[in-house]
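Q: Below is data-v3.csv; it holds CSV, C-alpha atoms.
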```
chain,number,residue,atom,x,y,z
L,59,MET,CA,113.8,191.3,-18.5
L,60,THR,CA,111.3,194.1,-18.4
L,61,GLY,CA,108.7,195.2,-20.9
L,62,ARG,CA,110.9,198.2,-21.6
L,63,ARG,CA,113.8,196.0,-22.6
L,64,LEU,CA,111.5,194.0,-24.9
L,65,ILE,CA,110.5,197.0,-27.0
L,66,PRO,CA,113.9,197.1,-29.0
L,67,ALA,CA,113.6,193.4,-29.7
L,68,VAL,CA,110.1,193.7,-31.1
L,69,PHE,CA,111.1,196.8,-33.1
L,70,ALA,CA,114.2,194.9,-34.5
L,71,LEU,CA,112.1,191.9,-35.5
L,72,SER,CA,109.5,194.2,-37.2
L,73,LEU,CA,112.3,195.7,-39.3
L,74,VAL,CA,113.5,192.3,-40.3
L,75,PHE,CA,110.0,191.3,-41.4
L,76,ALA,CA,109.6,194.5,-43.4
L,77,ALA,CA,113.1,194.4,-45.0
L,78,MET,CA,113.4,190.7,-45.8
L,79,ALA,CA,110.0,189.1,-46.3
L,80,VAL,CA,109.8,190.5,-49.9
L,81,PRO,CA,108.9,188.0,-52.6
L,82,GLY,CA,111.1,189.6,-55.2
L,83,ARG,CA,114.2,189.1,-53.1
L,84,ALA,CA,113.2,185.7,-51.9
L,85,ASN,CA,112.7,184.4,-55.4
L,86,ALA,CA,116.2,185.2,-56.5
L,87,GLN,CA,117.4,182.2,-58.6
L,88,SER,CA,120.7,180.4,-58.4
L,89,THR,CA,123.2,180.9,-61.3
L,90,ASP,CA,125.1,177.7,-60.6
L,91,SER,CA,125.1,175.2,-63.3
L,92,GLY,CA,122.3,172.7,-62.8
L,93,GLU,CA,120.7,174.7,-60.0
L,94,GLY,CA,119.1,177.5,-62.0
L,95,SER,CA,115.5,176.4,-61.2
L,96,ARG,CA,116.0,176.4,-57.4
L,97,SER,CA,115.6,179.5,-55.2
L,98,LYS,CA,118.8,180.2,-53.3
L,99,THR,CA,117.1,181.9,-50.4
L,100,SER,CA,113.7,181.3,-48.7
L,101,TYR,CA,112.0,183.2,-45.9
L,102,ARG,CA,109.4,181.8,-43.5
L,103,PHE,CA,107.4,183.4,-40.7
L,104,SER,CA,104.7,182.4,-38.3
L,105,TYR,CA,102.6,184.1,-35.6
L,106,THR,CA,100.6,182.1,-33.1
L,107,PRO,CA,98.5,183.6,-30.4
L,108,ILE,CA,97.1,181.0,-27.9
L,109,TYR,CA,94.7,181.3,-25.0
L,110,GLN,CA,95.0,178.7,-22.2
L,111,PHE,CA,91.7,178.7,-20.3
L,112,GLU,CA,91.5,179.0,-16.5
L,113,THR,CA,92.5,175.9,-14.6
L,114,ASP,CA,93.0,175.0,-10.9
L,115,LEU,CA,96.3,174.5,-9.2
L,116,ASP,CA,96.6,171.6,-6.8
L,117,SER,CA,98.1,173.9,-4.2
L,118,SER,CA,95.0,176.2,-4.3
L,119,GLY,CA,94.0,179.0,-6.6
L,120,SER,CA,93.8,179.1,-10.4
L,121,PHE,CA,95.4,180.7,-13.4
L,122,ASP,CA,95.0,181.3,-17.2
L,123,VAL,CA,97.7,182.3,-19.7
L,124,GLN,CA,97.8,184.3,-23.0
L,125,ARG,CA,100.7,183.2,-25.2
L,126,HIS,CA,102.1,184.7,-28.3
L,127,PHE,CA,104.8,183.0,-30.5
L,128,LEU,CA,106.6,184.8,-33.3
L,129,ARG,CA,109.0,183.0,-35.6
L,130,PHE,CA,111.1,184.1,-38.6
L,131,ASP,CA,113.5,181.8,-40.5
L,132,ILE,CA,115.9,182.4,-43.4
L,133,SER,CA,117.3,179.4,-45.3
L,134,ARG,CA,120.2,179.9,-47.8
L,135,PHE,CA,120.8,177.1,-50.4
L,136,ILE,CA,124.6,177.0,-50.9
L,137,ASP,CA,124.9,174.0,-53.2
L,138,ARG,CA,123.3,170.6,-53.6
L,139,HIS,CA,124.9,169.5,-50.3
L,140,TRP,CA,124.7,172.5,-47.9
L,141,THR,CA,121.9,174.7,-46.6
L,142,VAL,CA,122.5,177.3,-43.8
L,143,GLY,CA,120.0,179.6,-42.2
L,144,LEU,CA,119.1,182.0,-39.4
L,145,GLY,CA,116.1,181.6,-37.0
L,146,LEU,CA,114.6,184.4,-34.9
L,147,SER,CA,112.0,183.7,-32.2
L,148,LEU,CA,110.1,185.8,-29.7
L,149,ASP,CA,107.7,184.3,-27.1
L,150,TYR,CA,105.6,186.3,-24.8
L,151,GLU,CA,103.3,185.0,-22.0
L,152,ARG,CA,100.8,186.9,-19.9
L,153,TRP,CA,99.8,184.9,-16.7
L,154,ASN,CA,96.8,185.7,-14.6
L,155,PHE,CA,96.7,184.1,-11.1
L,156,SER,CA,93.6,184.1,-8.9
L,157,ASP,CA,93.3,183.4,-5.2
L,158,ILE,CA,97.0,182.8,-4.8
L,159,ALA,CA,99.7,185.3,-3.9
L,160,GLY,CA,102.8,183.1,-4.1
L,161,LEU,CA,104.2,179.7,-4.4
L,162,ALA,CA,107.1,178.3,-2.3
L,163,GLY,CA,107.5,181.7,-0.7
L,164,VAL,CA,108.0,183.4,-4.1
L,165,ASP,CA,105.8,186.2,-5.6
L,166,LEU,CA,104.2,184.9,-8.8
L,167,TRP,CA,105.0,186.4,-12.2
L,168,ASP,CA,102.8,188.4,-14.6
L,169,GLU,CA,104.8,188.2,-17.8
L,170,ILE,CA,107.4,185.9,-19.3
L,171,PHE,CA,109.6,187.0,-22.2
L,172,ARG,CA,111.7,184.5,-24.3
L,173,PRO,CA,113.6,185.9,-27.4
L,174,GLY,CA,116.0,183.5,-29.2
L,175,ILE,CA,118.3,183.1,-32.1
L,176,SER,CA,119.5,179.9,-33.9
L,177,VAL,CA,121.8,179.1,-36.8
L,178,PRO,CA,120.7,175.9,-38.6
L,179,VAL,CA,123.1,174.1,-40.8
L,180,PHE,CA,122.1,171.1,-42.9
L,181,TYR,CA,124.1,168.7,-45.0
L,182,SER,CA,122.6,166.3,-47.6
L,183,SER,CA,124.9,163.6,-48.8
L,184,GLY,CA,124.8,161.9,-52.1
L,185,SER,CA,123.5,158.7,-50.5
L,186,ASN,CA,120.1,160.0,-49.2
L,187,TRP,CA,121.4,161.0,-45.7
L,188,ARG,CA,120.5,164.4,-44.3
L,189,PHE,CA,122.4,165.8,-41.2
L,190,GLY,CA,121.4,168.8,-39.1
L,191,PHE,CA,123.2,171.0,-36.6
L,192,ILE,CA,121.3,173.8,-35.0
L,193,PRO,CA,123.0,175.8,-32.3
L,194,SER,CA,120.8,178.4,-30.5
L,195,ILE,CA,120.8,180.9,-27.7
L,196,ASP,CA,117.6,181.9,-25.8
L,197,PHE,CA,116.9,184.4,-23.0
L,198,ALA,CA,113.9,183.5,-20.7
L,199,GLY,CA,112.8,185.7,-17.9
L,200,ALA,CA,109.8,187.0,-16.0
L,201,SER,CA,109.2,190.8,-15.7
L,202,GLY,CA,112.1,192.3,-13.7
L,203,ALA,CA,114.6,189.4,-14.3
L,204,GLU,CA,118.1,190.3,-15.3
L,205,ALA,CA,118.8,189.5,-19.0
L,206,GLY,CA,122.4,188.4,-18.2
L,207,GLU,CA,121.0,185.8,-15.7
L,208,SER,CA,118.4,184.5,-18.1
L,209,LEU,CA,120.6,182.8,-20.8
L,210,SER,CA,120.0,179.3,-22.1
L,211,TYR,CA,122.1,177.7,-24.9
L,212,GLY,CA,122.7,174.5,-26.7
L,213,ALA,CA,122.2,172.7,-30.0
L,214,VAL,CA,120.0,170.2,-31.8
L,215,LEU,CA,121.7,167.4,-33.8
L,216,SER,CA,119.9,165.1,-36.2
L,217,ALA,CA,120.5,162.5,-38.8
L,218,ALA,CA,117.8,161.2,-41.2
L,219,TYR,CA,117.7,158.8,-44.2
L,220,ALA,CA,115.4,159.1,-47.2
L,221,PHE,CA,114.2,155.6,-47.9
L,222,GLY,CA,112.4,156.9,-51.0
L,223,PRO,CA,110.4,160.0,-52.2
L,224,ASP,CA,107.7,159.3,-49.6
L,225,LEU,CA,109.7,158.4,-46.4
L,226,MET,CA,112.4,160.2,-44.4
L,227,LEU,CA,113.2,158.7,-41.0
L,228,GLY,CA,115.9,159.5,-38.4
L,229,LEU,CA,116.8,160.5,-34.9
L,230,GLY,CA,117.7,163.7,-33.2
L,231,THR,CA,119.1,164.9,-29.9
L,232,GLY,CA,118.8,168.2,-28.1
L,233,ILE,CA,121.6,169.2,-25.7
L,234,PHE,CA,121.0,172.3,-23.7
L,235,GLU,CA,122.2,174.2,-20.7
L,236,ARG,CA,119.1,175.9,-19.3
L,237,LEU,CA,119.6,178.1,-16.2
L,238,ASP,CA,121.8,175.9,-14.1
L,239,GLN,CA,120.4,172.6,-15.5
L,240,SER,CA,121.9,170.5,-18.3
L,241,GLU,CA,119.4,168.5,-20.4
L,242,VAL,CA,119.6,165.9,-23.1
L,243,PHE,CA,116.5,164.7,-24.9
L,244,PRO,CA,116.1,162.4,-28.0
L,245,PHE,CA,113.4,162.7,-30.6
L,246,VAL,CA,112.3,161.0,-33.8
L,247,VAL,CA,112.7,162.8,-37.2
L,248,ILE,CA,110.0,161.7,-39.6
L,249,ASP,CA,108.4,162.8,-42.8
L,250,TRP,CA,106.2,160.0,-44.1
L,251,LYS,CA,103.8,160.4,-46.9
L,252,ILE,CA,101.6,157.4,-46.2
L,253,ASN,CA,99.3,158.0,-49.2
L,254,ASP,CA,98.1,160.9,-51.3
L,255,ARG,CA,96.0,162.2,-48.3
L,256,LEU,CA,97.8,161.0,-45.2
L,257,ARG,CA,101.1,162.2,-43.8
L,258,LEU,CA,103.1,161.7,-40.5
L,259,THR,CA,105.5,164.4,-39.7
L,260,ASN,CA,107.1,166.7,-37.0
L,261,PRO,CA,104.9,169.8,-36.5
L,262,PHE,CA,107.3,171.9,-34.5
L,263,ARG,CA,110.9,173.1,-34.6
L,264,ALA,CA,113.0,171.3,-32.0
L,265,GLY,CA,114.7,173.6,-29.5
L,266,PRO,CA,115.3,174.3,-25.8
L,267,VAL,CA,111.6,173.9,-24.8
L,268,GLY,CA,111.6,170.3,-26.0
L,269,PRO,CA,111.5,167.9,-29.0
L,270,ALA,CA,109.5,168.5,-32.1
L,271,GLY,CA,106.5,166.2,-31.5
L,272,LEU,CA,104.4,164.2,-33.9
L,273,GLU,CA,101.4,165.0,-36.1
L,274,LEU,CA,99.2,162.9,-38.4
L,275,VAL,CA,97.9,165.1,-41.2
L,276,TYR,CA,94.9,164.3,-43.4
L,277,ALA,CA,94.4,166.4,-46.6
L,278,LEU,CA,90.7,167.1,-46.9
L,279,THR,CA,91.0,169.0,-50.2
L,280,GLY,CA,93.7,170.7,-52.1
L,281,SER,CA,93.4,173.7,-49.7
L,282,TRP,CA,92.1,172.2,-46.4
L,283,GLU,CA,93.8,169.8,-44.1
L,284,MET,CA,93.3,168.4,-40.6
L,285,GLY,CA,96.0,167.2,-38.2
L,286,VAL,CA,96.1,165.5,-34.8
L,287,GLY,CA,99.3,165.2,-32.7
L,288,GLY,CA,101.1,166.1,-29.5
L,289,ALA,CA,104.4,167.2,-28.0
L,290,TYR,CA,106.1,167.5,-24.6
L,291,ARG,CA,107.2,170.9,-23.5
L,292,SER,CA,109.4,172.1,-20.6
L,293,TYR,CA,110.8,175.5,-20.2
L,294,ARG,CA,112.7,177.4,-17.5
L,295,PHE,CA,112.8,181.2,-16.8
L,296,ARG,CA,114.6,183.5,-14.4
L,297,LEU,CA,112.4,185.2,-11.8
L,298,ASP,CA,112.4,188.8,-10.7
L,299,ASP,CA,115.7,189.8,-9.2
L,300,SER,CA,113.8,191.8,-6.5
L,301,SER,CA,111.6,188.9,-5.3
L,302,ALA,CA,111.9,187.0,-2.0
L,303,VAL,CA,114.1,184.5,-3.8
L,304,ALA,CA,116.2,186.9,-5.9
L,305,ASP,CA,117.1,185.5,-9.3
L,306,GLY,CA,115.2,182.3,-8.6
L,307,ILE,CA,114.0,180.0,-11.4
L,308,GLY,CA,110.5,178.9,-12.5
L,309,GLU,CA,109.9,175.8,-14.6
L,310,VAL,CA,106.7,174.8,-16.4
L,311,ASP,CA,106.2,171.3,-17.8
L,312,PHE,CA,103.2,169.7,-19.7
L,313,TRP,CA,102.1,167.4,-22.5
L,314,ALA,CA,100.1,169.0,-25.2
L,315,PRO,CA,97.8,166.9,-27.4
L,316,PHE,CA,96.2,169.0,-30.1
L,317,LEU,CA,93.8,169.1,-33.1
L,318,ARG,CA,94.5,171.4,-36.0
L,319,VAL,CA,92.5,172.5,-39.0
L,320,GLY,CA,94.5,174.3,-41.7
L,321,TRP,CA,93.5,176.3,-44.8
L,322,ARG,CA,96.0,177.2,-47.5
L,323,LEU,CA,95.7,180.9,-48.6
L,324,GLY,CA,97.1,180.9,-52.1
L,325,GLU,CA,100.7,179.9,-52.8
L,326,HIS,CA,102.5,181.5,-49.9
L,327,TYR,CA,100.3,181.6,-46.9
L,328,ARG,CA,98.4,179.2,-44.5
L,329,PHE,CA,96.0,179.8,-41.7
L,330,ASP,CA,95.5,177.2,-38.9
L,331,ILE,CA,93.0,176.9,-36.0
L,332,ASN,CA,94.5,175.0,-33.1
L,333,GLY,CA,92.8,173.4,-30.1
L,334,GLY,CA,93.7,171.0,-27.4
L,335,ALA,CA,94.7,170.7,-23.8
L,336,LEU,CA,97.8,170.8,-21.5
L,337,VAL,CA,97.8,167.6,-19.4
L,338,SER,CA,100.1,166.4,-16.6
L,339,GLY,CA,101.2,170.0,-16.1
L,340,SER,CA,103.4,171.3,-13.3
L,341,ILE,CA,105.0,174.4,-12.0
L,342,THR,CA,108.2,174.3,-10.0
L,343,ILE,CA,110.2,177.0,-8.1
L,344,GLU,CA,113.9,176.8,-7.5
L,345,ASP,CA,116.4,179.1,-5.9
L,346,GLU,CA,119.1,180.9,-8.0
L,347,ASN,CA,121.4,177.8,-7.8
L,348,GLY,CA,118.7,175.4,-9.1
L,349,ASN,CA,117.8,173.9,-5.7
L,350,GLU,CA,114.0,173.1,-5.7
L,351,LEU,CA,112.0,175.0,-3.2
L,352,GLY,CA,108.5,173.7,-4.0
L,353,GLY,CA,105.9,173.4,-6.7
L,354,THR,CA,102.5,172.3,-7.7
L,355,ASN,CA,100.6,170.4,-10.4
L,356,TYR,CA,97.6,171.8,-12.2
L,357,ASP,CA,94.5,170.3,-13.7
L,358,THR,CA,94.0,169.7,-17.4
L,359,ALA,CA,94.0,173.1,-19.1
L,360,PRO,CA,92.2,173.5,-22.5
L,361,PHE,CA,93.6,175.9,-25.0
L,362,ILE,CA,92.7,177.4,-28.4
L,363,GLY,CA,94.7,179.4,-30.8
L,364,VAL,CA,95.4,180.3,-34.4
L,365,THR,CA,98.5,180.4,-36.6
L,366,LEU,CA,99.3,182.5,-39.7
L,367,LYS,CA,102.3,181.2,-41.7
L,368,GLY,CA,104.0,182.6,-44.7
L,369,GLN,CA,106.8,181.4,-47.0
L,370,PHE,CA,108.6,183.1,-49.9
```
Any chance you could give the structure as structure tokens?
A:
Amino acid sequence: MTGRRLIPAVFALSLVFAAMAVPGRANAQSTDSGEGSRSKTSYRFSYTPIYQFETDLDSSGSFDVQRHFLRFDISRFIDRHWTVGLGLSLDYERWNFSDIAGLAGVDLWDEIFRPGISVPVFYSSGSNWRFGFIPSIDFAGASGAEAGESLSYGAVLSAAYAFGPDLMLGLGTGIFERLDQSEVFPFVVIDWKINDRLRLTNPFRAGPVGPAGLELVYALTGSWEMGVGGAYRSYRFRLDDSSAVADGIGEVDFWAPFLRVGWRLGEHYRFDINGGALVSGSITIEDENGNELGGTNYDTAPFIGVTLKGQF
């Protein structure tokens, strides 16, 4: 998937933001009896640039990464039981390798593109249960990879029970086919208001790169909060179809503990500063059929980033 192919996707997402992230439309009220005070449609977006500092590869050489994550979600309230939505995502990574030309006989990549779309569906029963079904499709490829060979798809299923106004607890499962590899991973669904200042929750949207993770959040004031948490991430991407291993597959795995400081900007926006490290990280190279050719681990890699979030 080349940079040229990415331009239409970026342009389309920009149009979606411009046309749909409008408070007047988002605040449209339901006309159903008993639901007049609830907004029927809500819009959320976030943009997160992250810089992963230079770190050494065990096999020799070093690398650093610039990452950009863009998210846009629409939620439509149907009635007191059903909520449906649409999620758009676009991830871009710029890798800079030093003192290493290749790995497992494969030329290393410069850029990775990962656009995706999901259709979340949630059902809330009258007995405090909440069920979720989120099918999704993602394309993940380095520069020069064929879009048709870069497809991943699957779904996240979840069930959670509200034990009261301060605790929702449940389990979820992600089931995905990721470039010739089938994966199933469980995760905990939790939203626990421990007291007026302390909360334990899932900080990320579960998807093909891994489960949602956990974060303990402390409210410093009405506008400021601090969180500490972590998550496991693993993603696969198609390599350049003109490389020595045409249509091969790269895989990156790591654990990511983090610290976050957030500031609420009025009613609709929030700004976060994020810092942490990628630990137990590895890079693996496979051929086009998913047979492993080689790989390497890398040292702990500090990172820092910011996030701007909006909701209407």
Q: Determine, counting all atoms listed in the file, which protein, DNA and RNA residues have an atom within 9 Å of an atom of Leu256 of chain L; residues of the same chain fewer than 5 positions away are not included. Present the result as number ranges by chain.
A: L: 250-251, 274-277
Q: Restricting the calculation to only C-alpha atoms: of L:Asp311, L:Asp224, L:Asp116, L:Glu325, which residue gets closest to Phe295 of chain L?
A: L:Asp311
Q: Using all atoms listed in the file, pick whichever of L:Gly222, L:Gly174, L:Gly160, L:Gly265 has the shortest atom-to-atom distance to Ile252 of chain L.
A: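 That would be L:Gly222, the residue with the smallest distance to Ile252 of chain L.
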Q: For each of L:Arg129, L:Thr113, L:Phe121, L:Phe197, take the minimum atom-to-atom distance to Tyr101 of chain L, counting all atoms listed in the file, then give the residue where this is smallest.
A: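 Nearest to Tyr101 of chain L: L:Arg129.
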Q: Go ahead and fit an axis-aligned box to every listed atom of segment 284-299 of chain L plus 4 Å each side, and pass me the centre and edge lengths in Å, one decimal, as AutoDock Vina command-line options.
A:
```
--center_x 104.5 --center_y 177.5 --center_z -24.9 --size_x 30.4 --size_y 32.6 --size_z 39.4
```
Q: With distances taken over all atoms listed in the file, which residue among L:Ala264, L:Ala335, L:Ile132, L:Ala198 lies nearest Gly288 of chain L?
A: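 Smallest distance to Gly288 of chain L is found for L:Ala335.
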Q: Save segment 257-268 of chain L of the structure in the block above to a file, with all heavy atoms included, as a CSV table (one decimal), in the first residue's frame.
A:
```
chain,number,residue,atom,x,y,z
L,257,ARG,N,-10.8,5.3,39.5
L,257,ARG,CA,-11.6,4.5,38.6
L,257,ARG,C,-10.7,3.5,37.9
L,257,ARG,O,-9.5,3.9,37.5
L,257,ARG,CB,-12.3,5.4,37.6
L,257,ARG,CG,-13.3,4.7,36.7
L,257,ARG,CD,-13.9,5.7,35.7
L,257,ARG,NE,-15.2,5.2,35.3
L,257,ARG,CZ,-16.4,5.7,35.7
L,257,ARG,NH1,-16.4,6.6,36.6
L,257,ARG,NH2,-17.5,5.2,35.3
L,258,LEU,N,-11.1,2.3,37.7
L,258,LEU,CA,-10.4,1.3,36.9
L,258,LEU,C,-11.2,1.0,35.7
L,258,LEU,O,-12.4,0.6,35.8
L,258,LEU,CB,-10.2,0.0,37.8
L,258,LEU,CG,-9.4,-1.1,37.1
L,258,LEU,CD1,-8.0,-0.7,36.8
L,258,LEU,CD2,-9.4,-2.4,38.0
L,259,THR,N,-10.6,1.1,34.5
L,259,THR,CA,-11.3,1.0,33.3
L,259,THR,C,-10.5,0.5,32.2
L,259,THR,O,-9.2,0.3,32.3
L,259,THR,CB,-12.0,2.3,32.9
L,259,THR,OG1,-12.8,2.2,31.8
L,259,THR,CG2,-10.9,3.3,32.6
L,260,ASN,N,-11.1,0.2,31.0
L,260,ASN,CA,-10.3,-0.2,29.8
L,260,ASN,C,-10.0,1.1,29.0
L,260,ASN,O,-10.9,1.8,28.5
L,260,ASN,CB,-11.1,-1.1,28.9
L,260,ASN,CG,-11.6,-2.4,29.6
L,260,ASN,OD1,-12.8,-2.6,29.7
L,260,ASN,ND2,-10.6,-3.2,30.0
L,261,PRO,N,-8.7,1.4,28.7
L,261,PRO,CA,-8.4,2.7,28.1
L,261,PRO,C,-8.5,2.6,26.6
L,261,PRO,O,-8.5,3.7,25.9
L,261,PRO,CB,-6.9,2.9,28.5
L,261,PRO,CG,-6.4,1.6,28.7
L,261,PRO,CD,-7.5,0.7,29.2
L,262,PHE,N,-8.4,1.4,26.0
L,262,PHE,CA,-8.4,1.4,24.5
L,262,PHE,C,-9.5,0.6,23.9
L,262,PHE,O,-10.1,-0.3,24.6
L,262,PHE,CB,-7.0,0.7,24.1
L,262,PHE,CG,-5.8,1.3,24.6
L,262,PHE,CD1,-5.0,0.5,25.4
L,262,PHE,CD2,-5.5,2.6,24.4
L,262,PHE,CE1,-3.8,1.1,26.0
L,262,PHE,CE2,-4.4,3.2,24.9
L,262,PHE,CZ,-3.5,2.4,25.7
L,263,ARG,N,-9.8,0.8,22.7
L,263,ARG,CA,-10.8,0.0,21.9
L,263,ARG,C,-10.1,-1.3,21.5
L,263,ARG,O,-9.1,-1.3,20.9
L,263,ARG,CB,-11.2,0.8,20.7
L,263,ARG,CG,-12.2,0.2,19.8
L,263,ARG,CD,-12.7,1.1,18.8
L,263,ARG,NE,-11.7,1.4,17.7
L,263,ARG,CZ,-12.0,2.2,16.7
L,263,ARG,NH1,-13.1,2.9,16.6
L,263,ARG,NH2,-11.0,2.5,15.8
L,264,ALA,N,-10.8,-2.4,21.9
L,264,ALA,CA,-10.2,-3.7,21.5
L,264,ALA,C,-10.3,-3.9,20.0
L,264,ALA,O,-11.3,-3.4,19.4
L,264,ALA,CB,-11.0,-4.8,22.2
L,265,GLY,N,-9.4,-4.6,19.4
L,265,GLY,CA,-9.4,-4.8,18.0
L,265,GLY,C,-8.3,-5.8,17.5
L,265,GLY,O,-7.8,-6.5,18.3
L,266,PRO,N,-8.0,-5.8,16.2
L,266,PRO,CA,-7.1,-6.8,15.7
L,266,PRO,C,-5.6,-6.7,16.3
L,266,PRO,O,-4.9,-7.6,16.2
L,266,PRO,CB,-7.1,-6.5,14.2
L,266,PRO,CG,-7.6,-5.2,14.0
L,266,PRO,CD,-8.5,-4.9,15.2
L,267,VAL,N,-5.3,-5.5,16.8
L,267,VAL,CA,-3.9,-5.4,17.4
L,267,VAL,C,-3.8,-5.8,18.8
L,267,VAL,O,-2.8,-5.8,19.4
L,267,VAL,CB,-3.4,-3.9,17.3
L,267,VAL,CG1,-3.3,-3.5,15.8
L,267,VAL,CG2,-4.2,-3.0,18.0
L,268,GLY,N,-5.0,-6.2,19.4
L,268,GLY,CA,-4.9,-6.8,20.8
L,268,GLY,C,-6.0,-6.3,21.7
L,268,GLY,O,-6.9,-5.5,21.3
```
